[in-house]
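Asks: The following block contains the structure, expressed as structure tokens.
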2 protein chains.
Amino acid sequence: MRINEFKQILEKKRADFAIFCNSDSSKQNANMLYFSGYKGVGALIVPRSKPAFLVVPQMEIERARKSMVKKAYSMEKKRFFESIYKIIKKNKIKTGSIAIDKNNFTLNSYKHFKKQFKKIKAKDVSFDCAKLREIKTEKEIKFLKKSCAYADKILQKAIKHFKSFKTESEAAAFLEYETKKNGLEISFNPIVASGSNGSMPHHEPSTKKIKKGFCVMDFGVKYMGYCSDITRTIFIGKISRKEKEMYNMLLSIQKNSISQIKNNKKCSELYDFVNKSLGKYKKSFTHGLGHGVGVEIHELPNLTLNSKDKIRNNMVFTIEPGVYFPKRFGIRIEDTVLFKNKPLVLTKTSKDLLII
Amino acid sequence: MRINEFKQILEKKRADFAIFCNSDSSKQNANMLYFSGYKGVGALIVPRSKPAFLVVPQMEIERARKSMVKKAYSMEKKRFFESIYKIIKKNKIKTGSIAIDKNNFTLNSYKHFKKQFKKIKAKDVSFDCAKLREIKTEKEIKFLKKSCAYADKILQKAIKHFKSFKTESEAAAFLEYETKKNGLEISFNPIVASGSNGSMPHHEPSTKKIKKGFCVMDFGVKYMGYCSDITRTIFIGKISRKEKEMYNMLLSIQKNSISQIKNNKKCSELYDFVNKSLGKYKKSFTHGLGHGVGVEIHELPNLTLNSKDKIRNNMVFTIEPGVYFPKRFGIRIEDTVLFKNKPLVLTKTSKDLLII
């Protein structure tokens with residue numbers, strides 16, 4: 001996406017080329033994925049005034065040539081930067097200054113890189129890339145909408161089958177199975193947290209019997225590499241009036257905070273609105289109000305207390321207030337929202353309290 | 001694991017403390033996981049002569065206190081190193097020199113870190129940690145054996161059901177579902193690559209109909225955080241004599257290479273043995289012979305051409321020769337092997353060619 005706009009950034013920063021690397025096949029470099037669509041081991045080279053290309057291990061050549069950047073060279077994985085240096089020289093690309101993402105470049109990678117590119121000047125484009133990725137293109141919005149529609153469909157199917165799950169793990173496995181069967185990936189390990197487990201926002205599903213009370217289900221898929229993110233909290237068993245009130249209080253705060261979203265609004269103000277609305281329960285709200293989503297599950301904007309971000313057209317982000325009471329229970333309600341002149345909720349699963 | 005041995009390394013390197021960080025909840029820091037068992041956002045601090053502790057966002061406190069390192073402090077996520085600095089000072093830990101894993105410390109993290117710890121001297125322990133993790137403890141071997149047993153059981157179940165899968169994605173989804181249902185994680189995204197897709201060693205399962213011919217299935221789980229890794233290649237449809245010969249040639253090379261494993265053997269020699277055995281097909285073997293497994297799917301030792309590693313007792317690694325013919329097919333046969341006086345194959349699923 002937007003590789004030509006990125007080249008303008010290189011122009012402005014006077015960088016001869018940019019390099020995004022991934023040396024570990026079990027990891028992904030989000031910028032490499034964003035600009036090229038390629039996910040494997042290797043490096044994406046974006047020269048300021050020539051077409052971009054990939055440098056990948058021999059075993060990945062076929063896969064790399066199927067990416068948006070169709071040009072790919074083979075390299076020796078053991079001599080990562082040595083191979084890249086040779087290919088850059090062969091392509092007659094200037095090596096006076098380079099743009100790198102310093103948020104994703106390790107100290108040792110940089111050491112190895114500098115052994116080859118001795119006198120090169122490195123300029124950090126981590127923030128530029130994050131800002132570029134913060135505003136989605138129409139194509140990305142299409143992917144994100146589809147990703148949310150899949151997340152809705154799969155979550156609703158899991159909720160419908162919920163009574164057949166004995167353990168949190170079974171429910172989480174079901175969510176993943178339906179995701180994979182559709183040829184999609186999960187955007188993070190699904191959270192299914194019942195009863196007192198719900199008080200840990202990032203609880204890992206357990207193989208013990210599902211507990212009665214509130215059950216938090218936080219889930220998302222990746223469609224064409226783009227993440228969705230949704231949380232619903234259901235209730236198992238007999239609910240008390242106080243529990244019902246607590247849920248409905250959080251739900252109206254979630255809905256009200258969405259209606260507060262408008263162009264140019266400070267994200268910190270949205271967070272503050274929720275915090276104030278929670279009154280005496282604000283201490284039980286232990287995380288941010290939301291985060292951007294895209295090729296990564298956590299992108300800009302940040303909807304937190306100290307955020308400097310503002311709402312703009314074509315941003316896609318979550319709104320996810322929650323309350324957590326250690327050793328008792330937790331409730332979280334989360335939607336993925338697109339801002340396009342007004343807030344458009346992309347995850348459409350009902351938020352009315354479901355008691356089963 | 002082995003945190004006391006790690007403290008001896010700190011002693012030897014004259015480092016006052018070590019720090020391992022993870023600032024992204026969708027990622028894991030393998031050394032933090034290895035030493036503490038904690039997987040979330042935060043930092044693990046290992047002082048040379050005091051008990052280790054975690055510093056985590058408020059929302060992760062409950063989870064952190066359930067880790068091997070029971071002591072945990074809460075911090076502000078936005079002010080990561082500022083919070084850590086305050087806690088380190090409060091605990092009266094010297095800040096003359098620090099040990100960090102430079103393979104997993106980004107340029108920007110280091111910049112933020114140095115803003116707080118101005119005059120500190122940083123020593124790289126990436127290799128020391130990798131070498132420590134290369135030799136498994138008895139407890140780790142127990143986990144790895146169990147992990148391999150689960151991988152066997154689940155892969156065999158998938159092979160048994162194979163005829164019911166219409167697409168590669170369905171087969172991959174089944175593998176994951178069975179994994180998650182057991183409360184386990186996958187150690188990497190399963191590969192199911194049929195027909196010509198098999199010529200890409202890291203092919204992603206497709207939602208198109210499974211092709212006839214060889215079908216490569218590469219899969220592993222995580223049990224208590226520990227990875228298993230197994231590949232079997234089955235055949236769908238009517239096989240030719242030449243295809244059968246090719247499979248059996250690769251199988252005997254795989255078995256012979258395992259029988260070559262002995263104490264002190266150079267890993268590069270094992271790779272070389274396979275390469276030579278492949279004769280005219282050696283060009284079709286486009287990746288390494290294997291890699292260590294542990295809390296990460298790729299650890300030491302490296303079984304590659306340029307490896308300096310040698311086989312030692314209590315190492316656990318894969319043996320996975322493969323041949324790949326672009327646009328035609330691929331075959332790979334992989335086991336996870338423990339070396340304990342002799343090679344012990346931990347993945348026990350039959351390697352006889354299965355034609356379905």
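Every chain in the structure tokens has a letter given in the order shown (A, B, ...), and although residue numbers restart at 1 in each chain, ligands are simply numbered from 1 in the order shown.
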Specify as a list in words all residues of chain A found within 6 Å of chain B, counting only C-alpha atoms.

Replies: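 Listed by rising number, the hits are Met59, Lys102, Asn103, Asn104, Phe105, Thr106, Leu107, Asn108, Ser169, Glu170, Ala173, Tyr177, Lys180, Lys181, Gly183, Thr207 and Thr286 of chain A.
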
Asks: Would you output that residue set with C-alpha atoms, as a PDB file, in the first residue's frame?

Replies:
ATOM      1  CA  MET A  59      13.317 -21.234  -0.505  1.00  0.00           C
ATOM      2  CA  LYS A 102      14.144   1.971  14.461  1.00  0.00           C
ATOM      3  CA  ASN A 103      11.206   0.493  16.379  1.00  0.00           C
ATOM      4  CA  ASN A 104      11.833  -2.768  14.549  1.00  0.00           C
ATOM      5  CA  PHE A 105      15.574  -2.790  14.040  1.00  0.00           C
ATOM      6  CA  THR A 106      17.558  -4.530  16.774  1.00  0.00           C
ATOM      7  CA  LEU A 107      20.942  -3.420  18.108  1.00  0.00           C
ATOM      8  CA  ASN A 108      22.630  -6.533  16.712  1.00  0.00           C
ATOM      9  CA  SER A 169     -10.211 -23.669  25.611  1.00  0.00           C
ATOM     10  CA  GLU A 170     -12.978 -25.389  23.681  1.00  0.00           C
ATOM     11  CA  ALA A 173     -10.585 -23.535  19.726  1.00  0.00           C
ATOM     12  CA  TYR A 177     -11.262 -23.413  13.799  1.00  0.00           C
ATOM     13  CA  LYS A 180      -8.877 -21.108   9.729  1.00  0.00           C
ATOM     14  CA  LYS A 181     -11.500 -23.099   7.881  1.00  0.00           C
ATOM     15  CA  GLY A 183      -8.666 -19.534   5.057  1.00  0.00           C
ATOM     16  CA  THR A 207      -8.982 -26.274  30.184  1.00  0.00           C
ATOM     17  CA  THR A 286      -7.149  -0.619  33.907  1.00  0.00           C
TER      18      THR A 286
END

Asks: Please list as a ChimeraX atom specification every residue within 10 Å of Lys70 in chain A, counting only C-alpha atoms and excluding residues in the same chain fewer than 6 positions away.

Replies: /A:36,38,51-54,62-64

Asks: Neighbours of Leu10 in chain B within 12 Å (only C-alpha atoms; same-chain residues fewer than 2 positions away dropped), as a ChimeraX atom specification?

Replies: /B:3-8,12-19,46-50,97-100,122-125,128-129

Asks: How many Å lie between CA of Glu11 in chain B and CA of Ile45 in chain B, rounded to one decimal?

Replies: 15.0 Å

Asks: Do a neighbour search on range 211-218 of chain B at 8 Å with only C-alpha atoms, toss out local chain neighbours closer than 2 positions, and write the hits as a CSV table (one decimal) with N, CA and C atoms, in the first residue's frame.

Replies:
chain,number,residue,atom,x,y,z
B,190,PRO,N,0.3,-24.0,11.0
B,190,PRO,CA,0.5,-25.2,10.3
B,190,PRO,C,0.6,-25.0,8.8
B,191,ILE,N,1.5,-25.8,8.2
B,191,ILE,CA,1.6,-25.8,6.7
B,191,ILE,C,0.9,-27.1,6.2
B,192,VAL,N,0.0,-26.9,5.2
B,192,VAL,CA,-0.6,-28.0,4.5
B,192,VAL,C,-0.4,-27.6,3.0
B,193,ALA,N,0.4,-28.3,2.3
B,193,ALA,CA,0.8,-27.8,0.9
B,193,ALA,C,0.6,-29.0,0.0
B,194,SER,N,-0.4,-29.0,-0.8
B,194,SER,CA,-0.7,-30.1,-1.7
B,194,SER,C,-0.2,-29.8,-3.1
B,195,GLY,N,0.2,-30.9,-3.8
B,195,GLY,CA,0.6,-30.8,-5.2
B,195,GLY,C,1.7,-29.8,-5.4
B,196,SER,N,1.5,-28.9,-6.4
B,196,SER,CA,2.6,-27.9,-6.7
B,196,SER,C,2.8,-26.9,-5.6
B,198,GLY,N,3.4,-27.7,-2.7
B,198,GLY,CA,4.4,-28.3,-1.8
B,198,GLY,C,5.8,-27.9,-2.2
B,209,LYS,N,-9.4,-26.3,-3.6
B,209,LYS,CA,-9.4,-27.8,-3.5
B,209,LYS,C,-8.0,-28.4,-3.3
B,220,GLY,N,3.2,-28.3,14.7
B,220,GLY,CA,3.7,-28.5,16.0
B,220,GLY,C,2.9,-27.7,17.0
B,229,ASP,N,7.8,-30.0,16.6
B,229,ASP,CA,7.9,-29.7,15.2
B,229,ASP,C,8.0,-31.1,14.4
B,230,ILE,N,7.0,-31.3,13.6
B,230,ILE,CA,7.0,-32.6,12.8
B,230,ILE,C,6.4,-32.3,11.4
B,231,THR,N,7.0,-33.0,10.4
B,231,THR,CA,6.4,-32.9,9.1
B,231,THR,C,6.3,-34.3,8.5
B,232,ARG,N,5.1,-34.6,8.0
B,232,ARG,CA,4.9,-35.8,7.2
B,232,ARG,C,4.4,-35.4,5.8
B,233,THR,N,4.8,-36.2,4.8
B,233,THR,CA,4.3,-36.0,3.5
B,233,THR,C,3.5,-37.2,3.1
B,234,ILE,N,2.2,-37.0,2.8
B,234,ILE,CA,1.4,-38.2,2.3
B,234,ILE,C,1.2,-38.0,0.8
B,235,PHE,N,0.6,-39.0,0.2
B,235,PHE,CA,0.3,-39.0,-1.2
B,235,PHE,C,-1.2,-39.2,-1.5
B,236,ILE,N,-1.8,-38.3,-2.3
B,236,ILE,CA,-3.2,-38.4,-2.7
B,236,ILE,C,-3.3,-38.8,-4.1
B,237,GLY,N,-4.0,-40.0,-4.3
B,237,GLY,CA,-4.2,-40.4,-5.7
B,237,GLY,C,-3.3,-41.6,-6.1
B,238,LYS,N,-3.1,-41.7,-7.4
B,238,LYS,CA,-2.3,-42.8,-7.9
B,238,LYS,C,-0.8,-42.4,-8.1
B,239,ILE,N,0.1,-43.1,-7.4
B,239,ILE,CA,1.5,-42.7,-7.4
B,239,ILE,C,2.3,-43.4,-8.5
B,329,PHE,N,6.2,-30.3,-7.3
B,329,PHE,CA,5.8,-30.9,-6.0
B,329,PHE,C,7.0,-30.7,-5.0
B,330,GLY,N,6.7,-31.0,-3.7
B,330,GLY,CA,7.7,-31.0,-2.7
B,330,GLY,C,7.5,-32.2,-1.7
B,331,ILE,N,8.6,-32.6,-1.1
B,331,ILE,CA,8.5,-33.7,-0.1
B,331,ILE,C,9.4,-33.2,1.1
B,332,ARG,N,8.9,-33.4,2.3
B,332,ARG,CA,9.7,-33.1,3.5
B,332,ARG,C,9.4,-34.1,4.5

Asks: Nearest to Asn91 in chain A among A:Ile258, A:Tyr73, A:Val316, A:Phe219, with distances taken over only C-alpha atoms: which residue is it?

Replies: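 Of A:Ile258, A:Tyr73, A:Val316, A:Phe219, the one nearest Asn91 in chain A, counting only C-alpha atoms, is A:Tyr73.
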